[in-house]
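The structure file data.cif is reproduced below (mmCIF, C-alpha atoms and all ligand atoms).
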```
data_model
loop_
_atom_site.group_PDB
_atom_site.id
_atom_site.type_symbol
_atom_site.label_atom_id
_atom_site.label_comp_id
_atom_site.auth_asym_id
_atom_site.auth_seq_id
_atom_site.Cartn_x
_atom_site.Cartn_y
_atom_site.Cartn_z
ATOM 1 C CA ASN A 1068 38.139 38.512 -4.171
ATOM 2 C CA GLN A 1069 36.818 39.975 -0.947
ATOM 3 C CA PHE A 1070 35.552 36.551 0.212
ATOM 4 C CA ALA A 1071 38.782 34.590 -0.340
ATOM 5 C CA GLY A 1072 39.051 31.888 2.330
ATOM 6 C CA LYS A 1073 35.422 32.369 3.365
ATOM 7 C CA VAL A 1074 32.598 29.859 3.235
ATOM 8 C CA ALA A 1075 29.109 31.015 2.211
ATOM 9 C CA LEU A 1076 25.846 29.064 2.419
ATOM 10 C CA VAL A 1077 22.739 29.931 0.376
ATOM 11 C CA THR A 1078 19.303 28.310 0.793
ATOM 12 C CA GLY A 1079 16.956 28.226 -2.165
ATOM 13 C CA ALA A 1080 20.083 28.561 -4.308
ATOM 14 C CA SER A 1081 18.796 26.594 -7.323
ATOM 15 C CA SER A 1082 16.837 29.500 -8.787
ATOM 16 C CA GLY A 1083 16.183 33.229 -8.873
ATOM 17 C CA ILE A 1084 17.668 35.479 -6.184
ATOM 18 C CA GLY A 1085 19.449 32.622 -4.376
ATOM 19 C CA LYS A 1086 21.155 31.420 -7.544
ATOM 20 C CA ALA A 1087 22.264 34.938 -8.509
ATOM 21 C CA THR A 1088 23.698 35.454 -5.008
ATOM 22 C CA ALA A 1089 25.497 32.089 -4.943
ATOM 23 C CA LEU A 1090 27.162 32.982 -8.260
ATOM 24 C CA GLN A 1091 28.238 36.410 -6.966
ATOM 25 C CA TYR A 1092 29.614 34.958 -3.712
ATOM 26 C CA ALA A 1093 31.671 32.508 -5.791
ATOM 27 C CA ARG A 1094 32.915 35.273 -8.113
ATOM 28 C CA GLU A 1095 34.120 37.151 -5.010
ATOM 29 C CA GLY A 1096 36.139 34.124 -3.948
ATOM 30 C CA ALA A 1097 33.902 32.356 -1.428
ATOM 31 C CA LYS A 1098 33.517 28.601 -1.295
ATOM 32 C CA VAL A 1099 29.769 28.166 -1.689
ATOM 33 C CA VAL A 1100 27.350 25.667 -0.193
ATOM 34 C CA VAL A 1101 24.469 25.613 -2.666
ATOM 35 C CA SER A 1102 21.397 24.276 -0.862
ATOM 36 C CA ASP A 1103 17.894 23.694 -2.184
ATOM 37 C CA ILE A 1104 15.075 21.171 -2.260
ATOM 38 C CA ASN A 1105 15.584 20.952 -6.042
ATOM 39 C CA GLU A 1106 18.668 18.791 -6.540
ATOM 40 C CA GLU A 1107 18.761 18.829 -10.343
ATOM 41 C CA LYS A 1108 18.815 22.616 -10.672
ATOM 42 C CA GLY A 1109 21.093 22.985 -7.640
ATOM 43 C CA THR A 1110 23.672 20.666 -9.177
ATOM 44 C CA GLN A 1111 23.578 22.837 -12.303
ATOM 45 C CA VAL A 1112 24.379 25.908 -10.193
ATOM 46 C CA VAL A 1113 27.378 24.069 -8.681
ATOM 47 C CA GLU A 1114 28.545 23.168 -12.200
ATOM 48 C CA GLU A 1115 28.179 26.785 -13.318
ATOM 49 C CA ILE A 1116 30.298 27.966 -10.352
ATOM 50 C CA GLU A 1117 32.939 25.340 -11.143
ATOM 51 C CA ARG A 1118 33.006 26.352 -14.833
ATOM 52 C CA GLN A 1119 33.767 29.898 -13.669
ATOM 53 C CA GLY A 1120 36.695 28.586 -11.631
ATOM 54 C CA GLY A 1121 34.931 28.608 -8.263
ATOM 55 C CA ASP A 1122 34.460 26.006 -5.549
ATOM 56 C CA ALA A 1123 30.989 24.781 -4.503
ATOM 57 C CA ILE A 1124 29.043 21.785 -3.212
ATOM 58 C CA PHE A 1125 25.344 20.981 -3.351
ATOM 59 C CA VAL A 1126 23.486 19.967 -0.181
ATOM 60 C CA LYS A 1127 19.862 18.948 -0.542
ATOM 61 C CA ALA A 1128 17.656 20.381 2.199
ATOM 62 C CA ASP A 1129 14.013 21.148 2.829
ATOM 63 C CA VAL A 1130 14.292 24.234 5.030
ATOM 64 C CA ALA A 1131 10.909 23.483 6.612
ATOM 65 C CA LYS A 1132 12.624 20.532 8.344
ATOM 66 C CA PRO A 1133 14.908 21.406 11.278
ATOM 67 C CA GLU A 1134 16.997 18.253 10.788
ATOM 68 C CA ASP A 1135 17.708 19.249 7.172
ATOM 69 C CA CYS A 1136 18.862 22.700 8.307
ATOM 70 C CA GLU A 1137 21.148 21.157 10.930
ATOM 71 C CA ASN A 1138 22.549 18.730 8.351
ATOM 72 C CA MET A 1139 23.159 21.553 5.851
ATOM 73 C CA VAL A 1140 25.374 23.415 8.332
ATOM 74 C CA LYS A 1141 27.142 20.185 9.374
ATOM 75 C CA LYS A 1142 27.923 19.373 5.723
ATOM 76 C CA ALA A 1143 29.316 22.887 5.192
ATOM 77 C CA ALA A 1144 31.612 22.516 8.201
ATOM 78 C CA ALA A 1145 32.624 18.971 7.262
ATOM 79 C CA GLU A 1146 33.527 19.982 3.702
ATOM 80 C CA TYR A 1147 35.067 23.421 4.249
ATOM 81 C CA GLY A 1148 35.811 23.556 8.009
ATOM 82 C CA ARG A 1149 33.851 26.725 8.802
ATOM 83 C CA LEU A 1150 30.874 28.947 7.994
ATOM 84 C CA ASP A 1151 31.318 32.697 7.530
ATOM 85 C CA ILE A 1152 28.293 33.827 5.524
ATOM 86 C CA ALA A 1153 24.705 32.590 5.261
ATOM 87 C CA PHE A 1154 21.926 33.868 3.011
ATOM 88 C CA ASN A 1155 18.606 32.454 4.224
ATOM 89 C CA ASN A 1156 16.646 32.914 1.049
ATOM 90 C CA ALA A 1157 14.446 29.875 0.333
ATOM 91 C CA GLY A 1158 10.781 30.781 0.219
ATOM 92 C CA ILE A 1159 7.448 30.307 -1.518
ATOM 93 C CA GLY A 1160 4.492 32.501 -2.454
ATOM 94 C CA GLY A 1161 1.812 30.111 -1.254
ATOM 95 C CA GLU A 1162 -1.972 30.182 -1.292
ATOM 96 C CA ALA A 1163 -3.601 33.332 -2.676
ATOM 97 C CA ASN A 1164 -6.747 34.064 -0.688
ATOM 98 C CA PRO A 1165 -8.095 36.703 1.690
ATOM 99 C CA VAL A 1166 -7.753 35.816 5.382
ATOM 100 C CA GLY A 1167 -11.359 34.624 5.718
ATOM 101 C CA ASP A 1168 -10.885 32.076 2.935
ATOM 102 C CA MET A 1169 -7.306 30.990 3.574
ATOM 103 C CA SER A 1170 -6.967 27.299 4.415
ATOM 104 C CA ILE A 1171 -5.288 26.274 7.658
ATOM 105 C CA GLU A 1172 -2.940 24.089 5.642
ATOM 106 C CA GLY A 1173 -2.035 26.966 3.308
ATOM 107 C CA TRP A 1174 -1.205 29.164 6.287
ATOM 108 C CA ASN A 1175 0.884 26.469 8.016
ATOM 109 C CA THR A 1176 2.861 25.657 4.872
ATOM 110 C CA VAL A 1177 3.928 29.254 4.233
ATOM 111 C CA ILE A 1178 4.828 29.861 7.880
ATOM 112 C CA ALA A 1179 6.895 26.645 7.886
ATOM 113 C CA VAL A 1180 8.785 27.302 4.629
ATOM 114 C CA ASN A 1181 9.230 31.085 4.924
ATOM 115 C CA LEU A 1182 9.512 31.762 8.677
ATOM 116 C CA SER A 1183 10.216 28.711 10.863
ATOM 117 C CA SER A 1184 12.874 27.781 8.299
ATOM 118 C CA VAL A 1185 14.785 30.999 8.979
ATOM 119 C CA PHE A 1186 14.751 30.242 12.709
ATOM 120 C CA TYR A 1187 16.054 26.685 12.101
ATOM 121 C CA CYS A 1188 18.774 27.926 9.744
ATOM 122 C CA MET A 1189 19.879 30.741 12.038
ATOM 123 C CA LYS A 1190 19.976 28.426 15.063
ATOM 124 C CA TYR A 1191 22.480 26.045 13.508
ATOM 125 C CA GLN A 1192 24.397 28.690 11.535
ATOM 126 C CA ILE A 1193 24.942 30.765 14.682
ATOM 127 C CA GLN A 1194 26.237 27.724 16.598
ATOM 128 C CA GLN A 1195 28.798 27.085 13.845
ATOM 129 C CA MET A 1196 29.734 30.765 13.362
ATOM 130 C CA LEU A 1197 30.424 31.148 17.101
ATOM 131 C CA GLN A 1198 32.869 28.252 16.805
ATOM 132 C CA ASN A 1199 34.782 29.881 13.954
ATOM 133 C CA GLY A 1200 34.919 33.411 15.367
ATOM 134 C CA GLY A 1201 31.865 35.108 13.844
ATOM 135 C CA GLY A 1202 30.082 35.671 10.573
ATOM 136 C CA ALA A 1203 27.355 37.479 8.675
ATOM 137 C CA ILE A 1204 23.768 36.342 8.148
ATOM 138 C CA VAL A 1205 21.400 37.906 5.618
ATOM 139 C CA ASN A 1206 17.739 36.897 5.624
ATOM 140 C CA ASN A 1207 15.544 37.396 2.586
ATOM 141 C CA SER A 1208 12.384 39.191 3.687
ATOM 142 C CA SER A 1209 10.442 41.290 1.149
ATOM 143 C CA ILE A 1210 8.744 44.651 0.801
ATOM 144 C CA LEU A 1211 5.912 42.549 2.229
ATOM 145 C CA GLY A 1212 7.950 42.384 5.444
ATOM 146 C CA GLN A 1213 6.907 46.042 5.880
ATOM 147 C CA VAL A 1214 3.445 46.441 4.327
ATOM 148 C CA GLY A 1215 0.434 44.298 3.470
ATOM 149 C CA PHE A 1216 -0.656 42.921 0.091
ATOM 150 C CA ALA A 1217 -4.125 41.570 -0.658
ATOM 151 C CA ASN A 1218 -4.552 37.782 -0.722
ATOM 152 C CA SER A 1219 -1.101 37.195 0.790
ATOM 153 C CA ALA A 1220 -1.665 37.155 4.562
ATOM 154 C CA ALA A 1221 0.533 34.148 5.332
ATOM 155 C CA TYR A 1222 3.331 35.452 3.094
ATOM 156 C CA VAL A 1223 3.091 38.956 4.583
ATOM 157 C CA ALA A 1224 3.063 37.590 8.150
ATOM 158 C CA SER A 1225 6.004 35.264 7.438
ATOM 159 C CA LYS A 1226 8.091 38.079 5.921
ATOM 160 C CA HIS A 1227 7.296 40.462 8.820
ATOM 161 C CA GLY A 1228 8.384 37.598 11.101
ATOM 162 C CA VAL A 1229 11.691 37.295 9.267
ATOM 163 C CA VAL A 1230 12.382 40.957 10.044
ATOM 164 C CA GLY A 1231 11.678 40.290 13.736
ATOM 165 C CA LEU A 1232 13.980 37.256 13.813
ATOM 166 C CA THR A 1233 16.665 39.360 12.130
ATOM 167 C CA LYS A 1234 16.429 42.047 14.798
ATOM 168 C CA ASN A 1235 16.569 39.512 17.619
ATOM 169 C CA GLY A 1236 19.552 37.698 16.150
ATOM 170 C CA ALA A 1237 21.386 41.019 15.876
ATOM 171 C CA VAL A 1238 20.530 42.060 19.438
ATOM 172 C CA GLU A 1239 21.812 38.751 20.775
ATOM 173 C CA TYR A 1240 24.912 38.126 18.654
ATOM 174 C CA SER A 1241 26.331 41.381 17.232
ATOM 175 C CA ALA A 1242 28.760 41.733 20.168
ATOM 176 C CA LYS A 1243 29.859 38.149 19.542
ATOM 177 C CA GLY A 1244 30.884 38.910 15.964
ATOM 178 C CA ILE A 1245 27.783 37.826 14.067
ATOM 179 C CA ARG A 1246 25.944 40.522 12.104
ATOM 180 C CA VAL A 1247 22.351 39.774 11.059
ATOM 181 C CA ASN A 1248 20.462 41.813 8.456
ATOM 182 C CA ALA A 1249 17.408 41.467 6.229
ATOM 183 C CA VAL A 1250 16.828 42.513 2.639
ATOM 184 C CA GLY A 1251 13.457 43.570 1.285
ATOM 185 C CA PRO A 1252 13.151 43.071 -2.465
ATOM 186 C CA ALA A 1253 10.104 44.387 -4.299
ATOM 187 C CA PHE A 1254 8.764 42.289 -7.189
ATOM 188 C CA ILE A 1255 11.693 40.576 -8.896
ATOM 189 C CA LYS A 1256 11.568 38.713 -12.205
ATOM 190 C CA THR A 1257 12.050 35.116 -11.023
ATOM 191 C CA PRO A 1258 10.197 31.807 -11.449
ATOM 192 C CA LEU A 1259 8.431 32.583 -8.140
ATOM 193 C CA LEU A 1260 6.379 35.198 -10.002
ATOM 194 C CA SER A 1261 5.823 33.267 -13.228
ATOM 195 C CA ASP A 1262 4.919 30.101 -11.253
ATOM 196 C CA ALA A 1263 2.244 32.146 -9.475
ATOM 197 C CA GLY A 1264 0.441 32.314 -12.812
ATOM 198 C CA MET A 1265 1.477 35.856 -13.754
ATOM 199 C CA ASN A 1266 0.604 36.824 -17.321
ATOM 200 C CA GLU A 1267 1.836 39.856 -19.291
ATOM 201 C CA GLU A 1268 -1.059 41.960 -17.998
ATOM 202 C CA SER A 1269 -0.319 41.235 -14.345
ATOM 203 C CA PHE A 1270 3.393 41.926 -14.953
ATOM 204 C CA GLN A 1271 2.409 45.368 -16.328
ATOM 205 C CA MET A 1272 0.180 45.983 -13.308
ATOM 206 C CA LEU A 1273 2.989 44.973 -10.920
ATOM 207 C CA SER A 1274 5.562 47.112 -12.729
ATOM 208 C CA GLY A 1275 3.261 50.097 -12.247
ATOM 209 C CA LEU A 1276 3.481 49.701 -8.452
ATOM 210 C CA HIS A 1277 7.211 50.517 -8.631
ATOM 211 C CA PRO A 1278 7.990 54.244 -9.166
ATOM 212 C CA ILE A 1279 11.128 53.179 -11.054
ATOM 213 C CA GLY A 1280 8.734 51.782 -13.681
ATOM 214 C CA ARG A 1281 9.882 48.162 -13.871
ATOM 215 C CA LEU A 1282 10.397 44.984 -11.868
ATOM 216 C CA GLY A 1283 13.793 44.142 -10.381
ATOM 217 C CA GLU A 1284 16.370 41.576 -11.461
ATOM 218 C CA SER A 1285 17.797 38.888 -9.167
ATOM 219 C CA GLU A 1286 21.312 40.280 -9.677
ATOM 220 C CA GLU A 1287 20.200 43.656 -8.310
ATOM 221 C CA VAL A 1288 19.173 41.981 -5.053
ATOM 222 C CA ALA A 1289 22.350 39.885 -4.964
ATOM 223 C CA GLU A 1290 24.490 43.062 -5.052
ATOM 224 C CA LEU A 1291 22.934 44.243 -1.784
ATOM 225 C CA VAL A 1292 23.175 40.807 -0.161
ATOM 226 C CA VAL A 1293 26.853 40.547 -1.081
ATOM 227 C CA TRP A 1294 27.573 43.986 0.388
ATOM 228 C CA LEU A 1295 25.739 43.183 3.641
ATOM 229 C CA SER A 1296 27.701 39.900 3.822
ATOM 230 C CA SER A 1297 31.035 41.696 3.428
ATOM 231 C CA ASP A 1298 33.339 43.408 5.916
ATOM 232 C CA LYS A 1299 32.420 46.725 4.256
ATOM 233 C CA ALA A 1300 29.159 46.460 6.207
ATOM 234 C CA SER A 1301 31.018 46.037 9.522
ATOM 235 C CA PHE A 1302 28.727 48.437 11.492
ATOM 236 C CA VAL A 1303 25.507 47.347 9.782
ATOM 237 C CA THR A 1304 23.490 44.858 11.821
ATOM 238 C CA GLY A 1305 19.887 44.372 12.869
ATOM 239 C CA ALA A 1306 18.728 46.379 9.858
ATOM 240 C CA TYR A 1307 16.207 45.954 7.065
ATOM 241 C CA TYR A 1308 17.291 47.185 3.645
ATOM 242 C CA ALA A 1309 14.760 47.612 0.855
ATOM 243 C CA VAL A 1310 15.855 46.990 -2.726
ATOM 244 C CA ASP A 1311 12.598 47.994 -4.292
ATOM 245 C CA GLY A 1312 12.599 50.659 -7.030
ATOM 246 C CA ALA A 1313 10.924 53.012 -4.488
ATOM 247 C CA TYR A 1314 7.926 50.676 -3.935
ATOM 248 C CA LEU A 1315 7.849 51.504 -0.208
ATOM 249 C CA ALA A 1316 8.552 55.210 -0.733
ATOM 250 C CA ARG A 1317 5.070 56.215 -1.784
HETATM 251 P P1 LIG B 1 12.455 31.114 -6.937
HETATM 252 O O1 LIG B 1 11.212 30.327 -6.972
HETATM 253 O O2 LIG B 1 13.144 31.500 -8.201
HETATM 254 O O3 LIG B 1 13.533 30.411 -5.992
HETATM 255 C C1 LIG B 1 13.189 29.857 -4.750
HETATM 256 C C2 LIG B 1 14.039 28.629 -4.510
HETATM 257 O O4 LIG B 1 13.693 28.110 -3.219
HETATM 258 C C3 LIG B 1 13.758 27.502 -5.531
HETATM 259 O O5 LIG B 1 14.981 27.011 -6.034
HETATM 260 C C4 LIG B 1 13.036 26.447 -4.706
HETATM 261 O O6 LIG B 1 13.317 25.117 -5.121
HETATM 262 C C5 LIG B 1 13.577 26.716 -3.323
HETATM 263 N N1 LIG B 1 12.694 26.197 -2.272
HETATM 264 C C6 LIG B 1 11.343 26.292 -2.211
HETATM 265 N N2 LIG B 1 10.898 25.662 -1.120
HETATM 266 C C7 LIG B 1 11.983 25.163 -0.483
HETATM 267 C C8 LIG B 1 12.175 24.398 0.705
HETATM 268 N N3 LIG B 1 11.136 24.001 1.454
HETATM 269 N N4 LIG B 1 13.438 24.063 1.056
HETATM 270 C C9 LIG B 1 14.493 24.439 0.305
HETATM 271 N N5 LIG B 1 14.381 25.151 -0.824
HETATM 272 C C10 LIG B 1 13.134 25.512 -1.205
HETATM 273 O O7 LIG B 1 12.052 32.430 -6.105
HETATM 274 P P2 LIG B 1 12.808 33.787 -5.769
HETATM 275 O O8 LIG B 1 11.944 34.863 -6.269
HETATM 276 O O9 LIG B 1 14.241 33.766 -6.119
HETATM 277 O O10 LIG B 1 12.630 33.768 -4.186
HETATM 278 C C11 LIG B 1 13.675 33.684 -3.264
HETATM 279 C C12 LIG B 1 13.263 34.434 -2.009
HETATM 280 O O11 LIG B 1 13.045 35.803 -2.341
HETATM 281 C C13 LIG B 1 11.965 33.944 -1.359
HETATM 282 O O12 LIG B 1 12.136 33.913 0.046
HETATM 283 C C14 LIG B 1 10.971 35.004 -1.740
HETATM 284 O O13 LIG B 1 9.931 35.106 -0.814
HETATM 285 C C15 LIG B 1 11.851 36.225 -1.738
HETATM 286 N N6 LIG B 1 11.315 37.342 -2.496
HETATM 287 C C16 LIG B 1 11.005 37.206 -3.814
HETATM 288 C C17 LIG B 1 10.467 38.276 -4.503
HETATM 289 C C18 LIG B 1 10.073 38.192 -5.960
HETATM 290 O O14 LIG B 1 9.334 39.049 -6.427
HETATM 291 N N7 LIG B 1 10.535 37.222 -6.712
HETATM 292 C C19 LIG B 1 10.269 39.499 -3.837
HETATM 293 C C20 LIG B 1 10.618 39.605 -2.495
HETATM 294 C C21 LIG B 1 11.138 38.512 -1.829
#
```
When written as structure tokens, how does the structure in this file appear?
Amino acid sequence: NQFAGKVALVTGASSGIGKATALQYAREGAKVVVSDINEEKGTQVVEEIERQGGDAIFVKADVAKPEDCENMVKKAAAEYGRLDIAFNNAGIGGEANPVGDMSIEGWNTVIAVNLSSVFYCMKYQIQQMLQNGGGAIVNNSSILGQVGFANSAAYVASKHGVVGLTKNGAVEYSAKGIRVNAVGPAFIKTPLLSDAGMNEESFQMLSGLHPIGRLGESEEVAELVVWLSSDKASFVTGAYYAVDGAYLAR
């Protein structure tokens, strides 16, 4: 119970990596603010945490809206009195096209949901964490925060941007007790991949890009996020950690 007495907030917590992380935070004793645009699935995550003896609330938020991000942090503080940990995870794949064919709208949507959202969340989380004596923020980037991938320019740019925001947050707030880090998962088996129209053949192709020979599981990303959120990572800040089956190593 390394997070006993701590309050953790997760965006995009209704599914995939966010859900797995919310469940692990709760298992380690944190009170969890489960936030997502999908209320039905988010409520189910809260119920699952409660069944396991944990404490959680659901707060509906569209992270592309600054007022929703502000409200999410306010609700956390109103319910639990503080905010110690935040995992800024919500994100989408978006339009698949080469740069020359990408629509302006497709670009703007991905930048809003994947990048501006992390700025909004960090802004309000940092204000609250400063009030309660510090905290730890983990942002979900991607291997595509380090390298390109065809037909994914907006996604790749947004995830590189998340790494930049992470570094700046760490430079500005590490001495004030707030650590900020980013994780870089490779391809993880979540609805984000299946919703992108992946069939068995494309799963095989994707698996082959990982020297470990398979895709990752959400729980394997959550393990790293939990560690970075914990006091065990007390000197780790401003860093990008891949969790990628050696995708970036070759
Ligand atoms: P997922 O689709 O399973 O979960 C994403 C969650 O975010 C969903 O519950 C969805 O409702 C929510 N969401 C979407 N738009 C939102 C918005 N505007 N406001 C609030 N919530 C919103 O996907 P996942 O694979 O678990 O992805 C989580 C994060 O991990 C994303 O940022 C994604 O880019 C990143 N990531 C995923 C992979 C992968 O292969 N699955 C790899 C690297 C990084």
Using all atoms of ligand LIG 1 (chain B) that appear in the file, construct an axis-aligned enclosing box with 3 Å of padding on every side and provide its centre coordinates and edge lengths in Å, rounded to one decimal, as AutoDock Vina command-line options.
```
--center_x 12.2 --center_y 31.8 --center_z -3.4 --size_x 11.6 --size_y 21.6 --size_z 15.7
```
- Query: Just so the selection is clear, what residues does the PyMOL selection byres (((chain A and resi 1098-1104) around 9) and not hetatm) cover here, as a count of residues only?
  - Reply: 44
- Message: Applying 7 Å and only C-alpha atoms, which residues near Val1140 (chain A) remain after dropping the ones on its own chain fewer than 3 positions away? List them as a ChimeraX atom specification.
- Response: /A:1136-1137,1143-1144,1191-1192
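Between ligand LIG 1 (chain B) and the residues A:Thr1233, A:Thr1257, A:Asn1206, A:Gln1198, the shortest atom-to-atom distance, using all atoms listed in the file, involves A:Thr1257.
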- Item | Cut-off 6 Å around (31.7, 38.6, 0.2) with only C-alpha atoms: residues as a ChimeraX atom specification | /A:1069-1070,1092,1095,1293,1296-1297
- Hey, can you check how far CA of Ala1203 (chain A) sits from CA of Gly1251 (chain A)? 16.9 Å
- Task: Identify which of the residues A:Tyr1222, A:Trp1174, A:Tyr1187, A:Phe1270 lies closest to Ile1210 (chain A), counting only C-alpha atoms when measuring atom-to-atom distances.
- Result: A:Tyr1222
- Distance of CA of Gly1244 (chain A) from CA of Val1310 (chain A), expressed in Å to one decimal place: 25.3 Å
Pull out every residue that the PyMOL selection byres (((chain A and resi 1273-1285) around 7) and not hetatm) matches in the shown coordinates and put them as an mmCIF file with C-alpha atoms, keeping the file's coordinate frame.
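And here is the file that came out, selection.cif:
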```cif
data_model
loop_
_atom_site.group_PDB
_atom_site.id
_atom_site.type_symbol
_atom_site.label_atom_id
_atom_site.label_comp_id
_atom_site.auth_asym_id
_atom_site.auth_seq_id
_atom_site.Cartn_x
_atom_site.Cartn_y
_atom_site.Cartn_z
ATOM 1 C CA GLY A 1083 16.183 33.229 -8.873
ATOM 2 C CA ILE A 1084 17.668 35.479 -6.184
ATOM 3 C CA ALA A 1087 22.264 34.938 -8.509
ATOM 4 C CA PHE A 1254 8.764 42.289 -7.189
ATOM 5 C CA ILE A 1255 11.693 40.576 -8.896
ATOM 6 C CA LYS A 1256 11.568 38.713 -12.205
ATOM 7 C CA SER A 1269 -0.319 41.235 -14.345
ATOM 8 C CA PHE A 1270 3.393 41.926 -14.953
ATOM 9 C CA GLN A 1271 2.409 45.368 -16.328
ATOM 10 C CA MET A 1272 0.180 45.983 -13.308
ATOM 11 C CA GLU A 1286 21.312 40.280 -9.677
ATOM 12 C CA GLU A 1287 20.200 43.656 -8.310
ATOM 13 C CA VAL A 1288 19.173 41.981 -5.053
ATOM 14 C CA ALA A 1289 22.350 39.885 -4.964
ATOM 15 C CA GLY A 1312 12.599 50.659 -7.030
ATOM 16 C CA ALA A 1313 10.924 53.012 -4.488
ATOM 17 C CA TYR A 1314 7.926 50.676 -3.935
#
```
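Taking CA of Tyr1307 (chain A) and CA of Val1250 (chain A) as endpoints, the distance between them is 5.6 Å.
Using only C-alpha atoms and all ligand atoms for every distance, the candidate list A:Asp1262, A:Glu1117, A:Asp1298, A:Glu1162 yields A:Asp1262 as the residue closest to ligand LIG 1 (chain B).
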- Considering all atoms listed in the file, state which residue in the set A:Glu1172, A:Asp1311, A:Glu1107, A:Asp1135 is at the smallest distance from Leu1211 (chain A). A:Asp1311
- Message: Starting from the PyMOL selection byres (((chain A and resi 1226-1232) around 9) and not hetatm), expand the selection into actual residues of this file and give them as an NGL selection string.
- Response: :A and (1181-1183 or 1185-1186 or 1189 or 1206-1214 or 1221-1225 or 1233-1237 or 1248-1251 or 1305-1307)
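The residue that comes closest to ligand LIG 1 (chain B), out of A:Asp1168, A:Glu1115, A:Glu1134, A:Glu1267 and on the basis of only C-alpha atoms and all ligand atoms, is A:Glu1134.
Closest approach to ligand LIG 1 (chain B) from the set A:Ala1263, A:Ala1316, A:Ile1204, A:Ile1152 is made by A:Ala1263, with distances taken over all atoms listed in the file.
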